[in-house]
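Take a look at the structure set out below.
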Amino acid sequence: MQAEALAVGHGRRVVARDIGFALEEGRVLALLGPNGGGKTTLLRTLLGLIAPLAGEVRLSGTPVARLARREVARLLAYVPQASPGGFAYPAREVVAMGRAARLPLLAGPGARDRAAAEAALDRLGIAHLADRPVTELSGGERQLVLIARALAQEARCLVMDEPTASLDFGNQALVLRQVRALATRDGLAVLMTTHHPDHALLVADAAMLLHGGRLEGPMAPAVLVTPDRLRAAYGVEAVVAEVPVPGGTRLVCAPVVT
Ligand SMILES: Nc1ncnc2c1ncn2[C@@H]1O[C@H](COP(=O)(O)OP(=O)(O)OP(=O)(O)O)[C@@H](O)[C@H]1O
């Protein structure tokens with residue numbers, strides 16, 4: 001996926017301009033930014049749901065605007081936030097819904113589609129949840145089901161809207177581990193929005209910060225995530241420091257509350 005000289009917004013109101021980045025296979029790109037900074041607006045533009053106000057988004061070299069929705073879905077899979085509620089479909093059925101873009105219109109899933117759904121459940125280590133209604137799953141499990149649904153779509157690029165939102169500490173780590181593995185092991189291109197600069201440091205190859213109508217980056221997370229930038233974007237003091245972890249050290253970002 002590539003964005004070039006992109007301006008995004010609603011109607012005639014520009015939310016951000018001069019946006020440029022390329023997302024490559026095998027890489028995780030994190031999109032940071034304060035509430036109202038424009039992350040959702042940018043994601044919706046990348047998905048072809050709202051038109052760019054300037055510039056263009058290309059998928060496999062073709063402008064998204066020239067692709068039909070089903071073609072976009074074959075190249076790009078969207079993973080929404082896991083919200084409670086919804087219908088009590090078994091996880092297996094929810095994952096099989098990811099095949100819709102690959103089916104002839106009005107056709108039900110066939111053996112190949114069922115196999116792709118099973119493979120996606122397996123890949124995320126949630127095959128044992130296949131028959132459980134998604135409404136009875138934990139937030140982390142539900143998020144993994146939604147990622148599996150995107151995998152079943154067999155697109156090479158995943159766009160995730162805050163995959164760790166409203167997850168507890170353990171489930172955040174569980175989902176982040178899978179996000180990293182999807183890029184490293186499966187060679188997928190992953191763009192994820194996050195409210196946690198630390199998550200960008202933890203799993204992303206590159207990070208971008210959207211605020212004040214501009215996009216900073218992409219650049220290495222360790223270069224982007226600095227106390228000065230976090231103060232400017234979020235109005236908060238933060239420390240970024242090396243801490244020992246098994247096998248070495250890593251940069252950690254934490255807010256300072258006085
Ligand atoms: N449908 C819309 N019509 C007009 N303006 C909108 C619409 N949706 C969002 N906006 C405005 O666009 C700006 C960016 O909002 P957006 O939802 O993209 O930010 P965000 O970074 O995703 O925020 P959050 O982190 O809170 O989800 C805000 O000023 C918002 O009020």
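So you can find residues: chains in the structure tokens are A, B, ... in the order shown, residues in each start at 1, and ligands are numbered from 1 in order.
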Surrounding residues as a PyMOL selection string, ligand 1, max 7 Å, only C-alpha atoms and all ligand atoms: chain A and resi 9-10+15+33-42
Selection near segment 128-142 of chain A, 8 Å with only C-alpha atoms, sequence-local residues under 3 positions removed, as a list in words: Ala82, Ser83, Pro84, Gly85, Gly86, Phe87, Ala88, Tyr89, Pro90, Ala91, Arg92, Leu121, Gly125, Val145, Leu146, Ser166, Leu167, Asp168, Asn171, Gln172, Leu174 and Val175 of chain A
Can I get the selection written as a PDB file, in the first residue's frame, with N, CA and C atoms?
```pdb
ATOM      1  N   ALA A  82     -12.682  -5.023  18.418  1.00  0.00           N
ATOM      2  CA  ALA A  82     -13.626  -6.020  18.922  1.00  0.00           C
ATOM      3  C   ALA A  82     -14.531  -5.347  19.933  1.00  0.00           C
ATOM      4  N   SER A  83     -15.809  -5.222  19.599  1.00  0.00           N
ATOM      5  CA  SER A  83     -16.730  -4.606  20.556  1.00  0.00           C
ATOM      6  C   SER A  83     -17.660  -5.685  21.085  1.00  0.00           C
ATOM      7  N   PRO A  84     -18.105  -5.524  22.319  1.00  0.00           N
ATOM      8  CA  PRO A  84     -19.039  -6.510  22.853  1.00  0.00           C
ATOM      9  C   PRO A  84     -20.374  -6.401  22.116  1.00  0.00           C
ATOM     10  N   GLY A  85     -21.214  -7.383  22.274  1.00  0.00           N
ATOM     11  CA  GLY A  85     -22.520  -7.342  21.605  1.00  0.00           C
ATOM     12  C   GLY A  85     -22.453  -7.964  20.233  1.00  0.00           C
ATOM     13  N   GLY A  86     -23.384  -7.642  19.379  1.00  0.00           N
ATOM     14  CA  GLY A  86     -23.456  -8.253  18.054  1.00  0.00           C
ATOM     15  C   GLY A  86     -24.231  -9.560  18.110  1.00  0.00           C
ATOM     16  N   PHE A  87     -24.175 -10.306  17.015  1.00  0.00           N
ATOM     17  CA  PHE A  87     -24.927 -11.556  16.925  1.00  0.00           C
ATOM     18  C   PHE A  87     -24.112 -12.714  17.491  1.00  0.00           C
ATOM     19  N   ALA A  88     -24.821 -13.702  18.001  1.00  0.00           N
ATOM     20  CA  ALA A  88     -24.158 -14.833  18.658  1.00  0.00           C
ATOM     21  C   ALA A  88     -23.741 -15.909  17.658  1.00  0.00           C
ATOM     22  N   TYR A  89     -23.106 -15.500  16.555  1.00  0.00           N
ATOM     23  CA  TYR A  89     -22.617 -16.489  15.589  1.00  0.00           C
ATOM     24  C   TYR A  89     -21.445 -17.257  16.185  1.00  0.00           C
ATOM     25  N   PRO A  90     -21.315 -18.538  15.821  1.00  0.00           N
ATOM     26  CA  PRO A  90     -20.101 -19.257  16.243  1.00  0.00           C
ATOM     27  C   PRO A  90     -18.874 -18.610  15.586  1.00  0.00           C
ATOM     28  N   ALA A  91     -17.741 -18.675  16.292  1.00  0.00           N
ATOM     29  CA  ALA A  91     -16.510 -18.055  15.782  1.00  0.00           C
ATOM     30  C   ALA A  91     -16.211 -18.525  14.361  1.00  0.00           C
ATOM     31  N   ARG A  92     -16.436 -19.820  14.104  1.00  0.00           N
ATOM     32  CA  ARG A  92     -16.141 -20.381  12.780  1.00  0.00           C
ATOM     33  C   ARG A  92     -16.903 -19.641  11.678  1.00  0.00           C
ATOM     34  N   LEU A 121      -8.293 -19.940  11.812  1.00  0.00           N
ATOM     35  CA  LEU A 121      -8.521 -20.186  13.246  1.00  0.00           C
ATOM     36  C   LEU A 121      -7.293 -20.869  13.858  1.00  0.00           C
ATOM     37  N   GLY A 125      -4.282 -19.854  16.728  1.00  0.00           N
ATOM     38  CA  GLY A 125      -4.332 -20.665  17.942  1.00  0.00           C
ATOM     39  C   GLY A 125      -5.683 -20.650  18.626  1.00  0.00           C
ATOM     40  N   VAL A 145     -10.500 -13.573  16.801  1.00  0.00           N
ATOM     41  CA  VAL A 145     -11.471 -14.061  15.807  1.00  0.00           C
ATOM     42  C   VAL A 145     -11.558 -13.065  14.642  1.00  0.00           C
ATOM     43  N   LEU A 146     -11.562 -11.776  14.964  1.00  0.00           N
ATOM     44  CA  LEU A 146     -11.650 -10.768  13.897  1.00  0.00           C
ATOM     45  C   LEU A 146     -10.377 -10.744  13.053  1.00  0.00           C
ATOM     46  N   SER A 166      -9.353  -1.734  24.659  1.00  0.00           N
ATOM     47  CA  SER A 166     -10.154  -2.355  25.727  1.00  0.00           C
ATOM     48  C   SER A 166      -9.753  -3.789  26.068  1.00  0.00           C
ATOM     49  N   LEU A 167      -8.505  -4.136  25.788  1.00  0.00           N
ATOM     50  CA  LEU A 167      -8.020  -5.455  26.221  1.00  0.00           C
ATOM     51  C   LEU A 167      -7.198  -5.303  27.497  1.00  0.00           C
ATOM     52  N   ASP A 168      -7.236  -6.350  28.331  1.00  0.00           N
ATOM     53  CA  ASP A 168      -6.421  -6.288  29.540  1.00  0.00           C
ATOM     54  C   ASP A 168      -4.942  -6.522  29.181  1.00  0.00           C
ATOM     55  N   ASN A 171      -4.070  -9.862  27.457  1.00  0.00           N
ATOM     56  CA  ASN A 171      -4.629  -9.979  26.104  1.00  0.00           C
ATOM     57  C   ASN A 171      -3.964  -9.011  25.123  1.00  0.00           C
ATOM     58  N   GLN A 172      -3.521  -7.856  25.637  1.00  0.00           N
ATOM     59  CA  GLN A 172      -2.789  -6.927  24.760  1.00  0.00           C
ATOM     60  C   GLN A 172      -1.527  -7.610  24.248  1.00  0.00           C
ATOM     61  N   LEU A 174      -0.959 -10.799  24.063  1.00  0.00           N
ATOM     62  CA  LEU A 174      -1.346 -11.928  23.204  1.00  0.00           C
ATOM     63  C   LEU A 174      -1.606 -11.453  21.773  1.00  0.00           C
ATOM     64  N   VAL A 175      -2.369 -10.376  21.654  1.00  0.00           N
ATOM     65  CA  VAL A 175      -2.725  -9.865  20.325  1.00  0.00           C
ATOM     66  C   VAL A 175      -1.486  -9.270  19.644  1.00  0.00           C
TER      67      VAL A 175
END
```
Residue list (strand (DSSP E or B), DSSP) for segment 109-257 of chain A, as a ChimeraX atom specification: /A:133,157-160,189-193,206-211,214-219,238-245,248-255
Atoms kept (C-alpha atoms) for selection, written as a PDB file, in the first residue's frame:
```
ATOM      1  CA  PRO A 133     -20.676 -17.974  20.051  1.00  0.00           C
ATOM      2  CA  CYS A 157      -2.230  -6.305   3.674  1.00  0.00           C
ATOM      3  CA  LEU A 158      -4.042  -5.987   7.017  1.00  0.00           C
ATOM      4  CA  VAL A 159      -5.332  -2.704   8.398  1.00  0.00           C
ATOM      5  CA  MET A 160      -6.110  -2.905  12.114  1.00  0.00           C
ATOM      6  CA  ALA A 189       1.911  -6.020   5.564  1.00  0.00           C
ATOM      7  CA  VAL A 190       0.250  -4.705   8.732  1.00  0.00           C
ATOM      8  CA  LEU A 191      -0.879  -1.174   9.478  1.00  0.00           C
ATOM      9  CA  MET A 192      -2.241  -0.718  12.992  1.00  0.00           C
ATOM     10  CA  THR A 193      -3.469   2.305  14.854  1.00  0.00           C
ATOM     11  CA  ALA A 206       8.136   1.924  11.606  1.00  0.00           C
ATOM     12  CA  ALA A 207       5.755   4.418  13.175  1.00  0.00           C
ATOM     13  CA  MET A 208       3.852   7.547  12.195  1.00  0.00           C
ATOM     14  CA  LEU A 209       2.279  10.253  14.346  1.00  0.00           C
ATOM     15  CA  LEU A 210      -0.797  12.106  13.098  1.00  0.00           C
ATOM     16  CA  HIS A 211      -1.659  15.375  14.836  1.00  0.00           C
ATOM     17  CA  ARG A 214       0.275  16.655   9.690  1.00  0.00           C
ATOM     18  CA  LEU A 215       1.808  13.217   9.625  1.00  0.00           C
ATOM     19  CA  GLU A 216       5.269  12.765  11.114  1.00  0.00           C
ATOM     20  CA  GLY A 217       7.102   9.707   9.842  1.00  0.00           C
ATOM     21  CA  PRO A 218       7.146   6.973   8.961  1.00  0.00           C
ATOM     22  CA  MET A 219      10.395   6.472  10.827  1.00  0.00           C
ATOM     23  CA  ALA A 238       6.850  10.978  29.232  1.00  0.00           C
ATOM     24  CA  VAL A 239      10.065   9.054  29.678  1.00  0.00           C
ATOM     25  CA  VAL A 240      11.592   6.812  27.040  1.00  0.00           C
ATOM     26  CA  ALA A 241      14.256   4.532  28.470  1.00  0.00           C
ATOM     27  CA  GLU A 242      16.055   1.272  27.884  1.00  0.00           C
ATOM     28  CA  VAL A 243      14.994  -1.521  30.215  1.00  0.00           C
ATOM     29  CA  PRO A 244      16.442  -5.002  30.504  1.00  0.00           C
ATOM     30  CA  VAL A 245      14.333  -7.765  28.944  1.00  0.00           C
ATOM     31  CA  GLY A 248      18.840  -7.843  25.866  1.00  0.00           C
ATOM     32  CA  THR A 249      17.205  -4.479  26.362  1.00  0.00           C
ATOM     33  CA  ARG A 250      14.308  -2.629  24.801  1.00  0.00           C
ATOM     34  CA  LEU A 251      13.029   0.931  24.759  1.00  0.00           C
ATOM     35  CA  VAL A 252       9.992   1.516  26.936  1.00  0.00           C
ATOM     36  CA  CYS A 253       7.794   4.586  26.927  1.00  0.00           C
ATOM     37  CA  ALA A 254       5.846   5.574  30.018  1.00  0.00           C
ATOM     38  CA  PRO A 255       3.918   8.715  30.948  1.00  0.00           C
TER      39      PRO A 255
END
```
Shell of 12 Å around segment 101-103 of chain A, only C-alpha atoms, local chain residues under 2 positions omitted, as a PyMOL selection string: chain A and resi 68-77+96-99+105-114+116+149-150+152-155
I need the residues of segment 13-234 of chain A that end up classed as helix (DSSP H, G or I) by DSSP on the backbone, written out as a compact mmCIF listing (two decimals) with N, CA and C atoms, in the first residue's frame.
```
# COMPACT_ATOMS: atom_id res chain seq x y z
N LYS A 39 -6.90 9.67 12.77
CA LYS A 39 -6.50 8.28 12.45
C LYS A 39 -7.63 7.54 11.71
N THR A 40 -8.84 7.66 12.26
CA THR A 40 -9.97 6.96 11.62
C THR A 40 -10.24 7.51 10.23
N THR A 41 -10.15 8.83 10.11
CA THR A 41 -10.36 9.47 8.80
C THR A 41 -9.33 8.94 7.80
N LEU A 42 -8.07 8.83 8.23
CA LEU A 42 -7.03 8.32 7.34
C LEU A 42 -7.30 6.85 6.99
N LEU A 43 -7.64 6.04 8.00
CA LEU A 43 -7.91 4.61 7.72
C LEU A 43 -9.04 4.46 6.72
N ARG A 44 -10.11 5.22 6.92
CA ARG A 44 -11.26 5.10 6.01
C ARG A 44 -10.90 5.52 4.60
N THR A 45 -9.98 6.47 4.49
CA THR A 45 -9.52 6.89 3.16
C THR A 45 -8.67 5.78 2.53
N LEU A 46 -7.81 5.16 3.34
CA LEU A 46 -6.96 4.09 2.81
C LEU A 46 -7.80 2.92 2.32
N VAL A 64 -6.72 3.09 -5.39
CA VAL A 64 -7.89 2.46 -4.74
C VAL A 64 -9.18 2.95 -5.39
N ALA A 65 -9.19 4.22 -5.78
CA ALA A 65 -10.39 4.80 -6.37
C ALA A 65 -10.81 4.06 -7.64
N ARG A 66 -9.87 3.37 -8.29
CA ARG A 66 -10.21 2.68 -9.54
C ARG A 66 -10.60 1.22 -9.31
N ARG A 69 -15.07 -2.54 -4.83
CA ARG A 69 -14.96 -2.92 -3.41
C ARG A 69 -14.43 -4.34 -3.23
N ARG A 70 -14.91 -5.25 -4.08
CA ARG A 70 -14.47 -6.65 -3.93
C ARG A 70 -12.99 -6.79 -4.26
N GLU A 71 -12.51 -5.99 -5.21
CA GLU A 71 -11.07 -6.04 -5.53
C GLU A 71 -10.25 -5.49 -4.37
N VAL A 72 -10.75 -4.42 -3.76
CA VAL A 72 -10.06 -3.86 -2.59
C VAL A 72 -9.97 -4.93 -1.51
N ALA A 73 -11.09 -5.66 -1.31
CA ALA A 73 -11.14 -6.67 -0.25
C ALA A 73 -10.19 -7.84 -0.51
N ARG A 74 -9.83 -8.05 -1.74
CA ARG A 74 -8.88 -9.14 -2.04
C ARG A 74 -7.45 -8.72 -1.74
N LEU A 75 -7.21 -7.41 -1.73
CA LEU A 75 -5.85 -6.90 -1.51
C LEU A 75 -5.64 -6.44 -0.07
N ALA A 91 -17.74 -18.68 16.29
CA ALA A 91 -16.51 -18.06 15.78
C ALA A 91 -16.21 -18.53 14.36
N ARG A 92 -16.44 -19.82 14.10
CA ARG A 92 -16.14 -20.38 12.78
C ARG A 92 -16.90 -19.64 11.68
N GLU A 93 -18.18 -19.30 11.96
CA GLU A 93 -19.00 -18.61 10.96
C GLU A 93 -18.50 -17.18 10.74
N VAL A 94 -18.12 -16.53 11.84
CA VAL A 94 -17.60 -15.16 11.72
C VAL A 94 -16.34 -15.16 10.85
N VAL A 95 -15.47 -16.13 11.09
CA VAL A 95 -14.22 -16.20 10.31
C VAL A 95 -14.54 -16.51 8.84
N ALA A 96 -15.50 -17.39 8.61
CA ALA A 96 -15.87 -17.74 7.22
C ALA A 96 -16.41 -16.53 6.47
N MET A 97 -16.97 -15.56 7.21
CA MET A 97 -17.48 -14.34 6.55
C MET A 97 -16.37 -13.58 5.83
N GLY A 98 -15.12 -13.81 6.26
CA GLY A 98 -13.98 -13.19 5.59
C GLY A 98 -13.85 -13.65 4.15
N ARG A 99 -14.52 -14.73 3.80
CA ARG A 99 -14.42 -15.27 2.43
C ARG A 99 -15.36 -14.57 1.46
N ALA A 100 -16.24 -13.71 1.98
CA ALA A 100 -17.30 -13.14 1.14
C ALA A 100 -16.75 -12.54 -0.15
N ALA A 101 -15.62 -11.83 -0.05
CA ALA A 101 -15.10 -11.14 -1.25
C ALA A 101 -14.58 -12.13 -2.28
N ARG A 102 -14.40 -13.38 -1.87
CA ARG A 102 -13.83 -14.37 -2.79
C ARG A 102 -14.91 -15.28 -3.37
N ALA A 111 -16.13 -25.79 0.13
CA ALA A 111 -15.13 -26.54 0.90
C ALA A 111 -13.83 -25.74 1.03
N ARG A 112 -13.41 -25.09 -0.05
CA ARG A 112 -12.17 -24.31 -0.04
C ARG A 112 -12.27 -23.15 0.95
N ASP A 113 -13.48 -22.54 1.03
CA ASP A 113 -13.68 -21.42 1.95
C ASP A 113 -13.68 -21.91 3.40
N ARG A 114 -14.33 -23.05 3.62
CA ARG A 114 -14.35 -23.63 4.97
C ARG A 114 -12.91 -23.95 5.41
N ALA A 115 -12.12 -24.48 4.47
CA ALA A 115 -10.73 -24.84 4.80
C ALA A 115 -9.92 -23.58 5.14
N ALA A 116 -10.16 -22.50 4.40
CA ALA A 116 -9.43 -21.26 4.66
C ALA A 116 -9.80 -20.71 6.04
N ALA A 117 -11.07 -20.84 6.41
CA ALA A 117 -11.52 -20.37 7.72
C ALA A 117 -10.89 -21.21 8.84
N GLU A 118 -10.86 -22.54 8.64
CA GLU A 118 -10.25 -23.42 9.65
C GLU A 118 -8.76 -23.10 9.79
N ALA A 119 -8.10 -22.87 8.65
CA ALA A 119 -6.66 -22.57 8.67
C ALA A 119 -6.39 -21.27 9.42
N ALA A 120 -7.28 -20.30 9.23
CA ALA A 120 -7.09 -19.00 9.91
C ALA A 120 -7.29 -19.15 11.42
N LEU A 121 -8.29 -19.94 11.81
CA LEU A 121 -8.52 -20.19 13.25
C LEU A 121 -7.29 -20.87 13.86
N ASP A 122 -6.79 -21.85 13.13
CA ASP A 122 -5.63 -22.61 13.56
C ASP A 122 -4.42 -21.71 13.69
N ARG A 123 -4.22 -20.87 12.68
CA ARG A 123 -3.05 -19.98 12.63
C ARG A 123 -2.98 -19.09 13.85
N ALA A 127 -8.48 -22.52 17.31
CA ALA A 127 -9.32 -23.57 16.70
C ALA A 127 -10.29 -24.12 17.75
N HIS A 128 -9.87 -24.15 19.02
CA HIS A 128 -10.73 -24.71 20.08
C HIS A 128 -11.95 -23.81 20.35
N LEU A 129 -11.95 -22.60 19.81
CA LEU A 129 -13.08 -21.68 20.04
C LEU A 129 -14.08 -21.72 18.89
N VAL A 134 -19.47 -15.94 19.45
CA VAL A 134 -18.48 -14.88 19.70
C VAL A 134 -18.89 -13.98 20.85
N THR A 135 -20.20 -13.91 21.11
CA THR A 135 -20.69 -13.07 22.21
C THR A 135 -20.25 -13.61 23.58
N GLU A 136 -19.83 -14.89 23.61
CA GLU A 136 -19.41 -15.47 24.90
C GLU A 136 -17.89 -15.48 25.06
N GLY A 139 -12.67 -10.43 25.41
CA GLY A 139 -12.31 -9.39 24.45
C GLY A 139 -11.11 -9.80 23.60
N GLY A 140 -10.11 -10.42 24.24
CA GLY A 140 -8.91 -10.82 23.51
C GLY A 140 -9.22 -11.90 22.49
N GLU A 141 -10.05 -12.87 22.92
CA GLU A 141 -10.43 -13.96 22.00
C GLU A 141 -11.22 -13.41 20.82
N ARG A 142 -12.11 -12.46 21.13
CA ARG A 142 -12.93 -11.87 20.04
C ARG A 142 -12.04 -11.12 19.04
N GLN A 143 -11.02 -10.43 19.58
CA GLN A 143 -10.11 -9.71 18.67
C GLN A 143 -9.37 -10.70 17.78
N LEU A 144 -8.97 -11.84 18.35
CA LEU A 144 -8.27 -12.84 17.54
C LEU A 144 -9.20 -13.42 16.48
N VAL A 145 -10.50 -13.57 16.80
CA VAL A 145 -11.47 -14.06 15.81
C VAL A 145 -11.56 -13.07 14.64
N LEU A 146 -11.56 -11.78 14.96
CA LEU A 146 -11.65 -10.77 13.90
C LEU A 146 -10.38 -10.74 13.05
N ILE A 147 -9.24 -11.00 13.68
CA ILE A 147 -8.00 -11.09 12.91
C ILE A 147 -8.04 -12.34 12.02
N ALA A 148 -8.57 -13.44 12.57
CA ALA A 148 -8.69 -14.67 11.78
C ALA A 148 -9.62 -14.44 10.59
N ARG A 149 -10.70 -13.69 10.80
CA ARG A 149 -11.61 -13.39 9.69
C ARG A 149 -10.87 -12.64 8.57
N ALA A 150 -10.02 -11.69 8.97
CA ALA A 150 -9.23 -10.95 7.98
C ALA A 150 -8.24 -11.88 7.28
N LEU A 151 -7.64 -12.81 8.04
CA LEU A 151 -6.69 -13.75 7.43
C LEU A 151 -7.38 -14.64 6.39
N ALA A 152 -8.61 -15.06 6.72
CA ALA A 152 -9.36 -15.94 5.81
C ALA A 152 -9.62 -15.24 4.48
N PHE A 169 -4.10 -6.38 30.16
CA PHE A 169 -2.64 -6.42 29.97
C PHE A 169 -2.20 -7.70 29.26
N GLY A 170 -2.73 -8.84 29.71
CA GLY A 170 -2.34 -10.13 29.13
C GLY A 170 -2.82 -10.26 27.69
N ASN A 171 -4.07 -9.86 27.46
CA ASN A 171 -4.63 -9.98 26.10
C ASN A 171 -3.96 -9.01 25.12
N GLN A 172 -3.52 -7.86 25.64
CA GLN A 172 -2.79 -6.93 24.76
C GLN A 172 -1.53 -7.61 24.25
N ALA A 173 -0.80 -8.26 25.17
CA ALA A 173 0.44 -8.94 24.78
C ALA A 173 0.14 -10.08 23.80
N LEU A 174 -0.96 -10.80 24.06
CA LEU A 174 -1.35 -11.93 23.20
C LEU A 174 -1.61 -11.45 21.77
N VAL A 175 -2.37 -10.38 21.65
CA VAL A 175 -2.72 -9.86 20.32
C VAL A 175 -1.49 -9.27 19.64
N LEU A 176 -0.67 -8.53 20.41
CA LEU A 176 0.53 -7.93 19.81
C LEU A 176 1.50 -8.99 19.29
N ARG A 177 1.60 -10.10 20.04
CA ARG A 177 2.49 -11.18 19.60
C ARG A 177 2.01 -11.71 18.24
N GLN A 178 0.71 -11.84 18.09
CA GLN A 178 0.17 -12.35 16.82
C GLN A 178 0.36 -11.34 15.69
N VAL A 179 0.19 -10.06 16.01
CA VAL A 179 0.38 -9.02 14.99
C VAL A 179 1.80 -9.10 14.44
N ARG A 180 2.75 -9.20 15.37
CA ARG A 180 4.16 -9.28 14.95
C ARG A 180 4.40 -10.53 14.10
N ALA A 181 3.82 -11.65 14.55
CA ALA A 181 4.04 -12.92 13.84
C ALA A 181 3.42 -12.90 12.45
N LEU A 182 2.31 -12.22 12.29
CA LEU A 182 1.67 -12.16 10.97
C LEU A 182 2.59 -11.48 9.96
N ALA A 183 3.35 -10.51 10.43
CA ALA A 183 4.31 -9.85 9.54
C ALA A 183 5.56 -10.72 9.37
N THR A 184 6.12 -11.17 10.49
CA THR A 184 7.40 -11.89 10.42
C THR A 184 7.25 -13.28 9.81
N PRO A 197 2.14 4.54 22.50
CA PRO A 197 3.45 4.65 21.88
C PRO A 197 4.33 3.44 22.20
N ASP A 198 4.13 2.89 23.39
CA ASP A 198 4.93 1.74 23.79
C ASP A 198 4.67 0.53 22.89
N HIS A 199 3.45 0.39 22.40
CA HIS A 199 3.15 -0.73 21.51
C HIS A 199 3.87 -0.57 20.17
N ALA A 200 4.04 0.67 19.75
CA ALA A 200 4.81 0.91 18.52
C ALA A 200 6.26 0.47 18.75
N LEU A 201 6.81 0.83 19.93
CA LEU A 201 8.19 0.43 20.24
C LEU A 201 8.31 -1.09 20.31
N LEU A 202 7.25 -1.72 20.79
CA LEU A 202 7.28 -3.16 21.04
C LEU A 202 7.23 -3.98 19.75
N VAL A 203 6.35 -3.63 18.83
CA VAL A 203 6.14 -4.54 17.68
C VAL A 203 6.31 -3.91 16.29
N PRO A 221 10.41 3.44 15.10
CA PRO A 221 9.69 3.82 16.33
C PRO A 221 10.60 4.47 17.37
N ALA A 222 11.81 3.97 17.49
CA ALA A 222 12.73 4.53 18.50
C ALA A 222 13.13 5.96 18.17
N VAL A 223 13.02 6.34 16.92
CA VAL A 223 13.34 7.72 16.52
C VAL A 223 12.11 8.61 16.68
N LEU A 224 10.93 8.04 16.34
CA LEU A 224 9.70 8.84 16.41
C LEU A 224 9.24 9.10 17.85
N PRO A 227 10.19 12.12 24.09
CA PRO A 227 9.43 12.94 25.02
C PRO A 227 8.92 14.24 24.38
N ASP A 228 9.73 14.87 23.54
CA ASP A 228 9.32 16.13 22.92
C ASP A 228 8.10 15.93 22.03
N ARG A 229 8.14 14.89 21.19
CA ARG A 229 6.99 14.66 20.29
C ARG A 229 5.74 14.28 21.07
N LEU A 230 5.92 13.47 22.12
CA LEU A 230 4.74 13.05 22.89
C LEU A 230 4.12 14.25 23.62
N ARG A 231 4.95 15.14 24.09
CA ARG A 231 4.45 16.36 24.74
C ARG A 231 3.67 17.19 23.74
N ALA A 232 4.23 17.34 22.55
CA ALA A 232 3.57 18.16 21.52
C ALA A 232 2.25 17.53 21.08
N ALA A 233 2.22 16.22 20.93
CA ALA A 233 1.03 15.56 20.40
C ALA A 233 -0.03 15.31 21.46
N TYR A 234 0.41 14.93 22.66
CA TYR A 234 -0.54 14.50 23.69
C TYR A 234 -0.59 15.42 24.90
```
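Going from atom CA of Gly48 of chain A over to atom CA of Val225 of chain A, you cover 28.9 Å.
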